[in-house]
$ cat structure-v6.txt   # compact mmCIF, C-alpha atoms
# COMPACT_ATOMS: atom_id res chain seq x y z
CA MET A 16 -24.36 14.88 -35.65
CA ALA A 17 -26.15 12.03 -33.90
CA GLU A 18 -29.37 12.24 -31.95
CA LYS A 19 -29.13 10.71 -28.49
CA THR A 20 -31.72 10.27 -25.78
CA ILE A 21 -30.50 11.85 -22.57
CA VAL A 22 -32.43 10.70 -19.50
CA ILE A 23 -32.09 13.15 -16.64
CA THR A 24 -33.17 12.41 -13.09
CA ARG A 25 -35.33 15.35 -12.01
CA PHE A 26 -36.26 16.32 -8.48
CA ASP A 27 -37.89 19.53 -7.29
CA PRO A 28 -38.31 19.43 -3.51
CA ASP A 29 -41.24 21.87 -3.74
CA LYS A 30 -43.27 19.67 -6.12
CA ASP A 31 -41.92 16.11 -6.22
CA GLN A 32 -42.32 13.38 -3.63
CA ALA A 33 -39.58 11.29 -5.25
CA PRO A 34 -37.05 11.72 -8.08
CA ARG A 35 -38.44 11.09 -11.59
CA LYS A 36 -36.83 10.49 -14.98
CA GLN A 37 -37.23 12.87 -17.91
CA GLU A 38 -36.10 12.13 -21.47
CA TYR A 39 -34.65 14.66 -23.90
CA LYS A 40 -33.73 14.14 -27.58
CA VAL A 41 -30.42 15.90 -28.07
CA PRO A 42 -28.61 16.40 -31.42
CA CYS A 43 -25.07 15.65 -30.26
CA GLU A 44 -21.96 16.89 -32.06
CA PRO A 45 -19.17 14.27 -32.34
CA ASP A 46 -16.68 16.24 -30.23
CA TRP A 47 -19.10 16.85 -27.36
CA LYS A 48 -18.54 15.93 -23.77
CA VAL A 49 -21.49 14.71 -21.68
CA LEU A 50 -21.63 18.17 -20.06
CA ASP A 51 -22.24 19.77 -23.48
CA ALA A 52 -25.39 17.66 -23.87
CA VAL A 53 -26.67 18.69 -20.43
CA ASN A 54 -25.87 22.34 -21.20
CA PHE A 55 -27.75 22.00 -24.53
CA ILE A 56 -30.81 20.74 -22.65
CA LYS A 57 -30.57 23.63 -20.17
CA ASP A 58 -30.06 26.28 -22.89
CA GLU A 59 -32.31 25.01 -25.70
CA LEU A 60 -34.85 22.47 -24.43
CA ASP A 61 -35.71 22.93 -20.76
CA GLY A 62 -34.40 25.87 -18.72
CA SER A 63 -35.71 24.34 -15.51
CA VAL A 64 -33.02 21.60 -15.44
CA SER A 65 -30.54 22.39 -12.66
CA HIS A 66 -26.91 21.29 -12.67
CA ARG A 67 -23.53 22.60 -11.53
CA TRP A 68 -20.62 23.31 -13.83
CA SER A 69 -17.98 25.94 -14.31
CA CYS A 70 -14.56 25.52 -15.93
CA ARG A 71 -15.16 22.82 -18.61
CA MET A 72 -11.50 21.76 -18.29
CA ALA A 73 -11.49 19.30 -15.38
CA VAL A 74 -10.03 21.63 -12.77
CA CYS A 75 -13.01 23.09 -10.91
CA GLY A 76 -14.57 19.77 -9.93
CA SER A 77 -18.18 20.96 -10.02
CA CYS A 78 -19.74 18.91 -12.86
CA GLY A 79 -19.56 15.43 -11.28
CA MET A 80 -22.65 13.32 -12.08
CA MET A 81 -23.59 9.67 -12.37
CA VAL A 82 -23.40 8.77 -16.08
CA ASN A 83 -24.96 5.36 -16.76
CA GLY A 84 -24.53 4.58 -13.08
CA GLU A 85 -20.85 5.54 -12.83
CA PRO A 86 -19.50 8.70 -11.19
CA LYS A 87 -17.96 10.85 -13.94
CA LEU A 88 -16.61 14.33 -14.38
CA THR A 89 -18.98 15.21 -17.24
CA CYS A 90 -16.70 17.82 -18.82
CA LYS A 91 -14.02 15.15 -19.21
CA THR A 92 -16.27 12.34 -20.45
CA SER A 93 -16.81 12.04 -24.19
CA ILE A 94 -20.39 11.59 -25.37
CA ASN A 95 -19.05 9.05 -27.89
CA ASP A 96 -18.18 6.66 -25.05
CA TYR A 97 -21.89 5.91 -24.74
CA GLY A 98 -24.69 4.55 -26.93
CA ASP A 99 -27.89 6.26 -28.05
CA ARG A 100 -29.30 6.43 -24.56
CA ILE A 101 -27.44 8.06 -21.66
CA ASP A 102 -28.73 8.03 -18.11
CA ILE A 103 -27.64 11.03 -16.03
CA GLU A 104 -28.29 11.16 -12.28
CA PRO A 105 -27.03 13.29 -9.40
CA LEU A 106 -23.90 11.96 -7.62
CA ALA A 107 -24.73 8.92 -5.49
CA ASN A 108 -24.36 9.00 -1.69
CA PHE A 109 -25.23 12.72 -1.42
CA PRO A 110 -28.51 14.41 -0.48
CA VAL A 111 -30.10 15.99 -3.58
CA VAL A 112 -30.89 19.71 -3.51
CA ARG A 113 -32.59 19.75 -6.91
CA ASP A 114 -32.23 17.73 -10.13
CA LEU A 115 -28.47 17.10 -10.57
CA VAL A 116 -27.35 19.44 -7.77
CA VAL A 117 -26.23 17.77 -4.54
CA GLU A 118 -25.75 19.08 -1.00
CA LEU A 119 -22.08 19.82 -0.14
CA ASP A 120 -22.25 20.79 3.54
CA GLY A 121 -21.47 17.33 4.94
CA PHE A 122 -18.54 16.94 2.54
CA MET A 123 -17.10 20.35 3.40
CA HIS A 124 -17.43 19.61 7.10
CA LYS A 125 -15.46 16.36 6.63
CA PHE A 126 -12.75 18.33 4.80
CA GLU A 127 -12.40 20.83 7.63
CA SER A 128 -12.25 18.10 10.26
CA VAL A 129 -8.84 16.77 9.06
CA LYS A 130 -7.15 20.18 9.61
CA PRO A 131 -6.16 20.70 5.97
CA TRP A 132 -3.64 23.41 6.65
CA ILE A 133 -0.02 23.53 7.84
CA VAL A 134 0.04 23.09 11.59
CA ARG A 135 3.12 24.47 13.34
CA ALA A 136 3.94 24.26 17.03
CA LYS A 137 5.67 27.59 16.58
CA GLU A 138 5.59 29.98 13.66
CA LYS A 139 8.97 30.03 11.99
CA ALA A 140 9.17 33.84 11.83
CA ALA A 141 9.43 33.87 15.64
CA ASP A 142 11.93 31.02 15.71
CA GLN A 143 15.29 32.76 15.35
CA ALA A 144 17.46 29.64 15.04
CA ALA A 145 15.36 28.20 12.22
CA LEU A 146 15.10 31.63 10.63
CA HIS A 147 18.87 31.85 10.40
CA GLU A 148 19.18 28.30 9.11
CA THR A 149 16.70 28.52 6.24
CA LYS A 150 16.71 32.26 5.52
CA GLY A 151 13.22 32.59 6.85
CA THR A 152 11.40 30.35 4.40
CA TYR A 153 9.85 26.94 4.88
CA SER A 154 12.19 25.43 2.33
CA GLN A 155 11.31 22.06 0.84
CA SER A 156 13.29 19.79 -1.47
CA ALA A 157 11.90 18.19 -4.61
CA GLU A 158 12.05 14.80 -2.85
CA GLN A 159 10.02 16.10 0.08
CA LEU A 160 7.45 17.58 -2.30
CA ALA A 161 7.21 14.31 -4.24
CA THR A 162 6.00 12.41 -1.14
CA PHE A 163 2.64 14.21 -1.17
CA LYS A 164 2.27 16.15 -4.44
CA GLN A 165 -0.01 13.53 -5.98
CA PHE A 166 -2.44 13.80 -3.06
CA SER A 167 -2.58 17.59 -3.41
CA MET A 168 -3.98 17.34 -6.97
CA CYS A 169 -7.52 16.65 -5.71
CA ILE A 170 -10.14 19.01 -7.19
CA ASN A 171 -12.87 18.13 -4.64
CA CYS A 172 -15.17 16.73 -7.34
CA MET A 173 -16.57 14.14 -4.87
CA LEU A 174 -16.63 11.30 -7.42
CA CYS A 175 -14.78 9.14 -4.90
CA TYR A 176 -17.59 9.61 -2.35
CA ALA A 177 -20.16 8.61 -4.96
CA ALA A 178 -18.14 5.46 -5.75
CA CYS A 179 -17.23 4.41 -2.19
CA PRO A 180 -19.24 1.44 -0.83
CA VAL A 181 -18.36 2.43 2.75
CA VAL A 182 -19.79 5.96 2.29
CA ALA A 183 -22.93 4.31 0.88
CA ASN A 184 -23.33 2.24 4.05
CA GLU A 185 -22.02 4.74 6.59
CA PRO A 186 -22.69 8.32 5.45
CA GLU A 187 -20.63 9.63 8.39
CA PHE A 188 -17.45 7.89 7.09
CA LEU A 189 -14.74 10.53 6.65
CA GLY A 190 -14.22 9.29 3.09
CA PRO A 191 -11.41 9.09 0.51
CA ALA A 192 -10.84 12.74 -0.43
CA ALA A 193 -10.80 14.07 3.15
CA ILE A 194 -8.42 11.32 4.32
CA ALA A 195 -6.18 11.89 1.29
CA LEU A 196 -6.11 15.60 2.12
CA GLY A 197 -5.26 14.98 5.77
CA HIS A 198 -2.57 12.52 4.72
CA ARG A 199 -1.20 15.10 2.25
CA TYR A 200 -0.53 17.49 5.18
CA ASN A 201 0.86 14.67 7.34
CA MET A 202 3.42 13.97 4.60
CA ASP A 203 4.33 17.65 4.21
CA SER A 204 7.80 18.29 5.64
CA ARG A 205 6.73 21.79 6.78
CA ASP A 206 3.84 20.45 8.84
CA GLU A 207 3.92 19.46 12.53
CA GLY A 208 0.30 18.35 12.93
CA ASN A 209 0.73 14.58 12.49
CA ALA A 210 -0.16 13.72 16.08
CA GLU A 211 -3.39 15.74 15.91
CA ARG A 212 -4.44 14.24 12.59
CA ASN A 213 -3.45 10.69 13.52
CA ALA A 214 -5.62 11.02 16.64
CA ILE A 215 -8.51 11.96 14.30
CA PHE A 216 -7.61 9.10 11.94
CA ARG A 217 -7.84 6.57 14.77
CA GLY A 218 -11.38 7.69 15.62
CA GLU A 219 -14.65 6.08 14.59
CA GLY A 220 -15.60 6.22 10.92
CA THR A 221 -12.18 7.25 9.62
CA VAL A 222 -9.25 5.37 8.05
CA PHE A 223 -10.00 1.96 9.56
CA SER A 224 -13.58 1.98 8.23
CA CYS A 225 -12.16 1.72 4.70
CA SER A 226 -12.76 -1.77 3.35
CA TYR A 227 -10.21 -1.75 0.50
CA ALA A 228 -12.69 -1.63 -2.40
CA ASN A 229 -10.33 0.73 -4.29
CA GLU A 230 -13.30 2.26 -6.16
CA CYS A 231 -12.22 5.78 -5.17
CA SER A 232 -8.97 5.44 -7.12
CA GLU A 233 -10.78 3.84 -10.06
CA VAL A 234 -13.07 6.84 -10.58
CA CYS A 235 -10.65 9.66 -9.65
CA PRO A 236 -10.35 11.94 -12.73
CA LYS A 237 -7.04 13.43 -11.53
CA ASN A 238 -5.21 10.17 -10.65
CA VAL A 239 -4.86 11.24 -7.03
CA ASP A 240 -5.15 7.59 -5.91
CA PRO A 241 -7.01 8.27 -2.65
CA ALA A 242 -7.01 4.52 -1.85
CA ALA A 243 -3.21 4.64 -1.58
CA ALA A 244 -3.48 7.70 0.68
CA VAL A 245 -6.04 5.98 2.93
CA ASN A 246 -3.86 2.91 3.31
CA GLN A 247 -0.68 4.92 3.88
CA ALA A 248 -2.64 6.90 6.48
CA LYS A 249 -3.64 3.62 8.15
CA PHE A 250 0.02 2.62 8.37
CA GLU A 251 1.02 6.03 9.77
CA ALA A 252 -1.81 5.83 12.31
CA VAL A 253 -0.66 2.35 13.38
CA ILE A 254 2.97 3.46 13.76
CA ASP A 255 1.81 6.52 15.72
CA TRP A 256 -0.34 4.25 17.93
CA ALA A 257 2.60 1.89 18.56
CA LYS A 258 4.95 4.81 19.39
CA ASN A 259 2.35 6.13 21.82
CA LEU A 260 2.18 2.74 23.47
CA VAL A 261 5.94 2.56 24.02
CA LEU A 262 6.49 6.24 24.75
CA PRO A 263 3.27 8.04 25.82
CA ARG A 264 3.26 11.60 24.54
CA GLY A 265 3.01 14.29 27.16
CA GLY A 266 0.62 16.61 25.36
CA ALA A 267 3.08 17.33 22.55
CA MET B 56 -18.45 -3.58 21.27
CA ARG B 57 -17.64 -1.37 18.30
CA ALA B 58 -15.83 1.05 20.61
CA PHE B 59 -13.67 -1.80 21.87
CA LEU B 60 -12.93 -2.98 18.34
CA LEU B 61 -11.97 0.57 17.37
CA LYS B 62 -9.44 0.65 20.21
CA ILE B 63 -7.67 -2.52 19.07
CA GLU B 64 -8.09 -1.72 15.36
CA PRO B 65 -4.46 -0.57 14.81
CA LEU B 66 -3.18 -3.90 16.19
CA ILE B 67 -5.66 -5.91 14.12
CA TRP B 68 -4.84 -3.90 11.02
CA LEU B 69 -1.13 -4.58 11.55
CA MET B 70 -1.77 -8.34 11.75
CA PHE B 71 -4.15 -8.06 8.79
CA GLY B 72 -1.46 -6.37 6.70
CA GLN B 73 1.17 -8.97 7.59
CA GLY B 74 -1.42 -11.71 7.01
CA ILE B 75 -2.03 -10.48 3.47
CA LEU B 76 1.71 -10.48 2.79
CA ILE B 77 2.12 -14.02 4.09
CA GLY B 78 -1.18 -15.22 2.64
CA THR B 79 -0.45 -14.01 -0.86
CA MET B 80 3.24 -14.90 -1.00
CA LEU B 81 3.84 -18.01 1.07
CA LEU B 82 0.47 -19.73 0.73
CA THR B 83 0.52 -19.16 -3.04
CA GLY B 84 3.91 -20.87 -3.10
CA TRP B 85 2.54 -23.68 -0.93
CA ILE B 86 -0.41 -24.24 -3.29
CA LEU B 87 1.97 -24.15 -6.26
CA VAL B 88 4.19 -26.84 -4.73
CA VAL B 89 1.51 -29.09 -3.21
CA GLY B 90 -1.22 -28.55 -5.80
CA LEU B 91 0.80 -28.50 -9.03
CA LEU B 92 4.50 -29.25 -8.86
CA ILE B 93 4.29 -32.45 -6.76
CA PRO B 94 1.32 -33.94 -8.71
CA LEU B 95 3.12 -33.11 -11.97
CA GLY B 96 6.23 -34.87 -10.69
CA MET B 97 8.36 -31.73 -11.00
CA VAL B 98 9.13 -31.79 -7.28
CA ASP B 99 9.74 -35.02 -5.41
CA ALA B 100 7.05 -35.68 -2.79
CA SER B 101 9.69 -36.63 -0.24
CA ALA B 102 10.73 -32.96 -0.21
CA LEU B 103 7.82 -32.44 2.19
CA SER B 104 8.39 -35.59 4.24
CA TYR B 105 7.70 -35.33 7.99
CA ASP B 106 11.36 -35.54 8.96
CA ARG B 107 12.41 -32.75 6.62
CA ALA B 108 9.44 -30.53 7.57
CA HIS B 109 10.06 -31.18 11.28
CA ALA B 110 13.74 -30.35 10.93
CA LEU B 111 12.84 -27.08 9.17
CA ALA B 112 10.20 -26.16 11.76
CA THR B 113 12.54 -26.76 14.68
CA ALA B 114 15.55 -25.09 13.06
CA SER B 115 17.08 -22.31 15.12
CA LEU B 116 19.62 -19.56 14.66
CA PHE B 117 22.79 -20.04 16.76
CA GLY B 118 20.77 -22.63 18.70
CA VAL B 119 18.93 -19.80 20.46
CA VAL B 120 16.47 -18.02 18.14
CA PRO B 121 13.78 -20.52 17.08
CA VAL B 122 13.47 -19.18 13.52
CA GLY B 123 11.55 -22.20 12.24
CA LYS B 124 8.93 -21.98 14.97
CA LEU B 125 8.56 -18.20 14.60
CA VAL B 126 8.00 -18.48 10.86
CA LEU B 127 5.57 -21.38 11.30
CA ALA B 128 3.62 -19.52 14.01
CA ALA B 129 3.38 -16.41 11.80
CA LEU B 130 2.27 -18.58 8.90
CA LEU B 131 -0.49 -20.13 11.00
CA VAL B 132 -1.65 -17.10 12.97
CA LEU B 133 -1.47 -14.01 10.72
CA PRO B 134 -3.64 -15.29 7.82
CA LEU B 135 -6.35 -16.09 10.39
CA TRP B 136 -6.51 -12.40 11.38
CA LYS B 137 -6.32 -11.37 7.76
CA GLY B 138 -9.29 -13.62 6.98
CA ALA B 139 -11.31 -12.47 10.00
CA HIS B 140 -10.70 -8.80 9.16
CA HIS B 141 -11.53 -9.27 5.49
CA VAL B 142 -14.76 -11.13 6.23
CA ARG B 143 -15.71 -8.38 8.70
CA SER B 144 -15.11 -5.68 6.04
CA LEU B 145 -17.08 -7.70 3.51
CA HIS B 146 -19.96 -8.04 5.96
CA VAL B 147 -20.02 -4.25 6.45
CA ASP B 148 -19.95 -3.69 2.67
CA PHE B 149 -22.93 -6.00 2.31
CA GLY B 150 -24.93 -3.76 4.61
CA GLY B 151 -24.13 -5.28 8.01
CA ALA B 152 -22.80 -2.11 9.66
CA GLU B 153 -25.34 -2.35 12.48
CA ARG B 154 -24.22 -5.83 13.48
CA ASP B 155 -20.54 -5.00 12.93
CA GLY B 156 -19.65 -5.03 16.64
CA VAL B 157 -21.02 -8.51 17.32
CA VAL B 158 -19.80 -9.99 14.03
CA GLY B 159 -16.34 -8.45 14.56
CA VAL B 160 -16.02 -9.91 18.05
CA ILE B 161 -17.12 -13.36 16.82
CA LEU B 162 -14.70 -13.30 13.86
CA TYR B 163 -11.75 -12.05 15.88
CA GLY B 164 -12.73 -14.53 18.60
CA ILE B 165 -12.38 -17.38 16.08
CA ALA B 166 -9.03 -15.94 14.95
CA LEU B 167 -7.89 -15.70 18.58
CA VAL B 168 -8.87 -19.31 19.38
CA GLY B 169 -7.17 -20.49 16.17
CA SER B 170 -4.06 -18.47 17.05
CA VAL B 171 -3.84 -19.99 20.54
CA ILE B 172 -4.24 -23.52 19.15
CA GLY B 173 -1.70 -22.79 16.40
CA ILE B 174 0.89 -21.29 18.74
CA GLY B 175 0.31 -24.11 21.22
CA ALA B 176 0.97 -26.69 18.50
CA VAL B 177 4.11 -24.89 17.33
CA VAL B 178 5.53 -24.50 20.85
CA GLY B 179 4.94 -28.22 21.49
CA LEU B 180 6.92 -29.34 18.42
$ encode --input "structure-v6.txt" --output "structure tokens"
Amino acid sequence: MAEKTIVITRFDPDKDQAPRKQEYKVPCEPDWKVLDAVNFIKDELDGSVSHRWSCRMAVCGSCGMMVNGEPKLTCKTSINDYGDRIDIEPLANFPVVRDLVVELDGFMHKFESVKPWIVRAKEKAADQAALHETKGTYSQSAEQLATFKQFSMCINCMLCYAACPVVANEPEFLGPAAIALGHRYNMDSRDEGNAERNAIFRGEGTVFSCSYANECSEVCPKNVDPAAAVNQAKFEAVIDWAKNLVLPRGGA
Amino acid sequence: MRAFLLKIEPLIWLMFGQGILIGTMLLTGWILVVGLLIPLGMVDASALSYDRAHALATASLFGVVPVGKLVLAALLVLPLWKGAHHVRSLHVDFGGAERDGVVGVILYGIALVGSVIGIGAVVGL
């Protein structure tokens, strides 16, 4: 057991004018994650500390925080990776609701805007020819799945938004996770919504606002590689733009 | 101005991408040859003599497709757009988003002028 000083950034919108730092002495067990230390503070030292967490196994994506200035999934980050003093702040580039809890509305709105669902011109159940051909299912080969599977592993933890220098400068930027999600559906062989999404991707504050910092992929705890998705999406958007130039689409 | 830049962004991005490819591959090779191999005597300096370089630049396929000139034009023009686009992105990252429209037009303007001069020089070979 080693005692560490955990410095938590506190903010209560009802009382505080600005965020303030509060120090806690925490007896840390060697096998702890950073989240365990924050939970210890909440349970044993100061019940007024607010933070989000749920699964403790890096799948729910709710415990993202800035640990010593870097966006981290705290349930996946060992306390031993740090010295005697650990600085914990709410995720950067998001409005703070209270203490370590950030506002998600803007992020969720960006997610919805890329149409993250399978878009079909016509439902296959009503399409008799296709029904006969594929026995009624939207069949997909392993190769087709492999083109986008990586991008579907995102857990919406928002670390990439906290790390992205473009989000920091332009809060309205669509951002890595939302673009990766849109691109994931564009690459899906069952989907027919590429034209709609590419039109969104060519708009202001989307794929072309990315300035190739690659920080999103550096901090991603699930190895989604959103930077690759953003740049593949750029290429798709360019090809779509060029096709449109040569052969204007008639509303299709 | 930003709206205009957004409209031509796919085209600029395409040239930017090709510029990176050429910039990193061919210019690295150029620096290797001119900056290291020739001074070290590993490559004879006459390899880049005017006559040889001119013959390469004016080489053509089947006497019709001016391959040499096309490659030379791409080598001169695309890295300019790559540089302009990269400097513009850097400027935004350093907090210049508000001036992005003006800065973008100036940078791409420089790239455009450089491209015209470069293509003019190549055509006149």
$ closest_residue --input "structure-v6.txt" --among "A:Arg135, A:Arg25, A:His198, A:Lys19" --to "Asp61 in chain A" --atoms "all atoms listed in the file"
A:Arg25
$ residues_around --input "structure-v6.txt" --residues "Ala110 in chain B" --least-positions-apart "3" --cutoff "12 Å" --atoms "all atoms listed in the file" --output "VMD selection string"
chain B and resid 102 to 107 113 to 115 121 to 124 180
$ write_last_selection --input "structure-v6.txt" --atoms "C-alpha atoms" --output "short mmCIF file (atom, residue, chain, number, x, y, z; two decimals), keeping the file's coordinate frame"
data_model
loop_
_atom_site.label_atom_id
_atom_site.label_comp_id
_atom_site.auth_asym_id
_atom_site.auth_seq_id
_atom_site.Cartn_x
_atom_site.Cartn_y
_atom_site.Cartn_z
CA ALA B 102 10.73 -32.96 -0.21
CA LEU B 103 7.82 -32.44 2.19
CA SER B 104 8.39 -35.59 4.24
CA TYR B 105 7.70 -35.33 7.99
CA ASP B 106 11.36 -35.54 8.96
CA ARG B 107 12.41 -32.75 6.62
CA THR B 113 12.54 -26.76 14.68
CA ALA B 114 15.55 -25.09 13.06
CA SER B 115 17.08 -22.31 15.12
CA PRO B 121 13.78 -20.52 17.08
CA VAL B 122 13.47 -19.18 13.52
CA GLY B 123 11.55 -22.20 12.24
CA LYS B 124 8.93 -21.98 14.97
CA LEU B 180 6.92 -29.34 18.42
#
$ interface_residues --input "structure-v6.txt" --of "chain B" --to "chain A" --cutoff "12 Å" --atoms "all atoms listed in the file" --output "ChimeraX atom specification"
/B:57-73,140-153,155
$ closest_residue --input "structure-v6.txt" --among "A:Ile103, A:Ile215, A:Ala244, A:Ala193" --to "His124 in chain A" --atoms "all atoms listed in the file"
A:Ala193
$ atom_distance --input "structure-v6.txt" --atom1 "CA of Leu196 in chain A" --atom2 "CA of Gly121 in chain A"
15.7 Å
$ atom_distance --input "structure-v6.txt" --atom1 "CA of Ala242 in chain A" --atom2 "CA of Ala195 in chain A"
8.1 Å
$ residues_around --input "structure-v6.txt" --residues "range 231-238 of chain A" --least-positions-apart "6" --cutoff "12 Å" --atoms "all atoms listed in the file" --output "number ranges by chain"
A: 72-76, 78-82, 84-92, 164-182, 190-195, 225, 244-246
$ atom_distance --input "structure-v6.txt" --atom1 "CA of Val111 in chain A" --atom2 "CA of Pro34 in chain A"
9.3 Å
$ axis_aligned_box --input "structure-v6.txt" --around "range 72-80 of chain A" --padding-each-side "4 Å" --output "lines of an AutoDock Vina configuration file"
center_x = -16.3
center_y = 18.2
center_z = -14.1
size_x = 20.6
size_y = 17.8
size_z = 16.4
$ closest_residue --input "structure-v6.txt" --among "A:Glu104, A:Asp99, A:Asp51, A:Glu59" --to "Ile23 in chain A" --atoms "all atoms listed in the file"
A:Glu104
$ residues_around --input "structure-v6.txt" --residues "Met97 in chain B" --least-positions-apart "6" --cutoff "12 Å" --atoms "only C-alpha atoms" --output "ChimeraX atom specification"
/B:87-91
$ residues_around --input "structure-v6.txt" --residues "Asn201 in chain A" --least-positions-apart "5" --cutoff "9 Å" --atoms "all atoms listed in the file" --output "list in words"
Ile133, Phe163, Leu196, Asp206, Glu207, Gly208, Asn209, Ala210, Arg212, Asn213, Ala248 and Glu251 of chain A
$ residues_around --input "structure-v6.txt" --residues "Leu130 in chain B" --least-positions-apart "2" --cutoff "9 Å" --atoms "only C-alpha atoms" --output "PyMOL selection string"
chain B and resi 74+77-78+81-82+125-128+132-134
$ closest_residue --input "structure-v6.txt" --among "A:Val117, A:Ala214, A:Ala52, A:Ala33" --to "Ser77 in chain A" --atoms "all atoms listed in the file"
A:Val117
$ decode --input "structure-v6.txt" --residues "range 132-146 of chain B" --atoms "N, CA and C atoms" --output "PDB file, in the first residue's frame"
ATOM      1  N   VAL B 132       4.621  21.375 -58.777  1.00  0.00           N
ATOM      2  CA  VAL B 132       3.335  21.966 -58.388  1.00  0.00           C
ATOM      3  C   VAL B 132       2.752  21.346 -57.105  1.00  0.00           C
ATOM      4  N   LEU B 133       2.681  20.006 -57.050  1.00  0.00           N
ATOM      5  CA  LEU B 133       1.940  19.372 -55.945  1.00  0.00           C
ATOM      6  C   LEU B 133       2.510  19.678 -54.562  1.00  0.00           C
ATOM      7  N   PRO B 134       3.848  19.643 -54.371  1.00  0.00           N
ATOM      8  CA  PRO B 134       4.353  19.973 -53.023  1.00  0.00           C
ATOM      9  C   PRO B 134       4.010  21.402 -52.588  1.00  0.00           C
ATOM     10  N   LEU B 135       3.820  22.309 -53.554  1.00  0.00           N
ATOM     11  CA  LEU B 135       3.426  23.681 -53.202  1.00  0.00           C
ATOM     12  C   LEU B 135       2.059  23.680 -52.509  1.00  0.00           C
ATOM     13  N   TRP B 136       1.122  22.897 -53.071  1.00  0.00           N
ATOM     14  CA  TRP B 136      -0.225  22.812 -52.488  1.00  0.00           C
ATOM     15  C   TRP B 136      -0.200  22.064 -51.174  1.00  0.00           C
ATOM     16  N   LYS B 137       0.666  21.065 -51.107  1.00  0.00           N
ATOM     17  CA  LYS B 137       0.838  20.329 -49.847  1.00  0.00           C
ATOM     18  C   LYS B 137       1.330  21.292 -48.765  1.00  0.00           C
ATOM     19  N   GLY B 138       2.331  22.104 -49.117  1.00  0.00           N
ATOM     20  CA  GLY B 138       2.883  23.049 -48.145  1.00  0.00           C
ATOM     21  C   GLY B 138       1.852  24.082 -47.718  1.00  0.00           C
ATOM     22  N   ALA B 139       1.131  24.639 -48.701  1.00  0.00           N
ATOM     23  CA  ALA B 139       0.134  25.671 -48.407  1.00  0.00           C
ATOM     24  C   ALA B 139      -0.937  25.109 -47.474  1.00  0.00           C
ATOM     25  N   HIS B 140      -1.395  23.878 -47.788  1.00  0.00           N
ATOM     26  CA  HIS B 140      -2.469  23.273 -46.990  1.00  0.00           C
ATOM     27  C   HIS B 140      -1.982  22.947 -45.577  1.00  0.00           C
ATOM     28  N   HIS B 141      -0.745  22.477 -45.473  1.00  0.00           N
ATOM     29  CA  HIS B 141      -0.206  22.130 -44.161  1.00  0.00           C
ATOM     30  C   HIS B 141      -0.024  23.375 -43.298  1.00  0.00           C
ATOM     31  N   VAL B 142       0.489  24.453 -43.911  1.00  0.00           N
ATOM     32  CA  VAL B 142       0.685  25.695 -43.153  1.00  0.00           C
ATOM     33  C   VAL B 142      -0.677  26.244 -42.713  1.00  0.00           C
ATOM     34  N   ARG B 143      -1.693  26.096 -43.585  1.00  0.00           N
ATOM     35  CA  ARG B 143      -3.028  26.569 -43.218  1.00  0.00           C
ATOM     36  C   ARG B 143      -3.562  25.769 -42.006  1.00  0.00           C
ATOM     37  N   SER B 144      -3.399  24.444 -42.036  1.00  0.00           N
ATOM     38  CA  SER B 144      -3.846  23.611 -40.913  1.00  0.00           C
ATOM     39  C   SER B 144      -3.102  23.982 -39.633  1.00  0.00           C
ATOM     40  N   LEU B 145      -1.806  24.209 -39.778  1.00  0.00           N
ATOM     41  CA  LEU B 145      -0.980  24.567 -38.627  1.00  0.00           C
ATOM     42  C   LEU B 145      -1.470  25.888 -38.027  1.00  0.00           C
ATOM     43  N   HIS B 146      -1.777  26.827 -38.896  1.00  0.00           N
ATOM     44  CA  HIS B 146      -2.252  28.143 -38.459  1.00  0.00           C
ATOM     45  C   HIS B 146      -3.568  28.015 -37.681  1.00  0.00           C
TER      46      HIS B 146
END
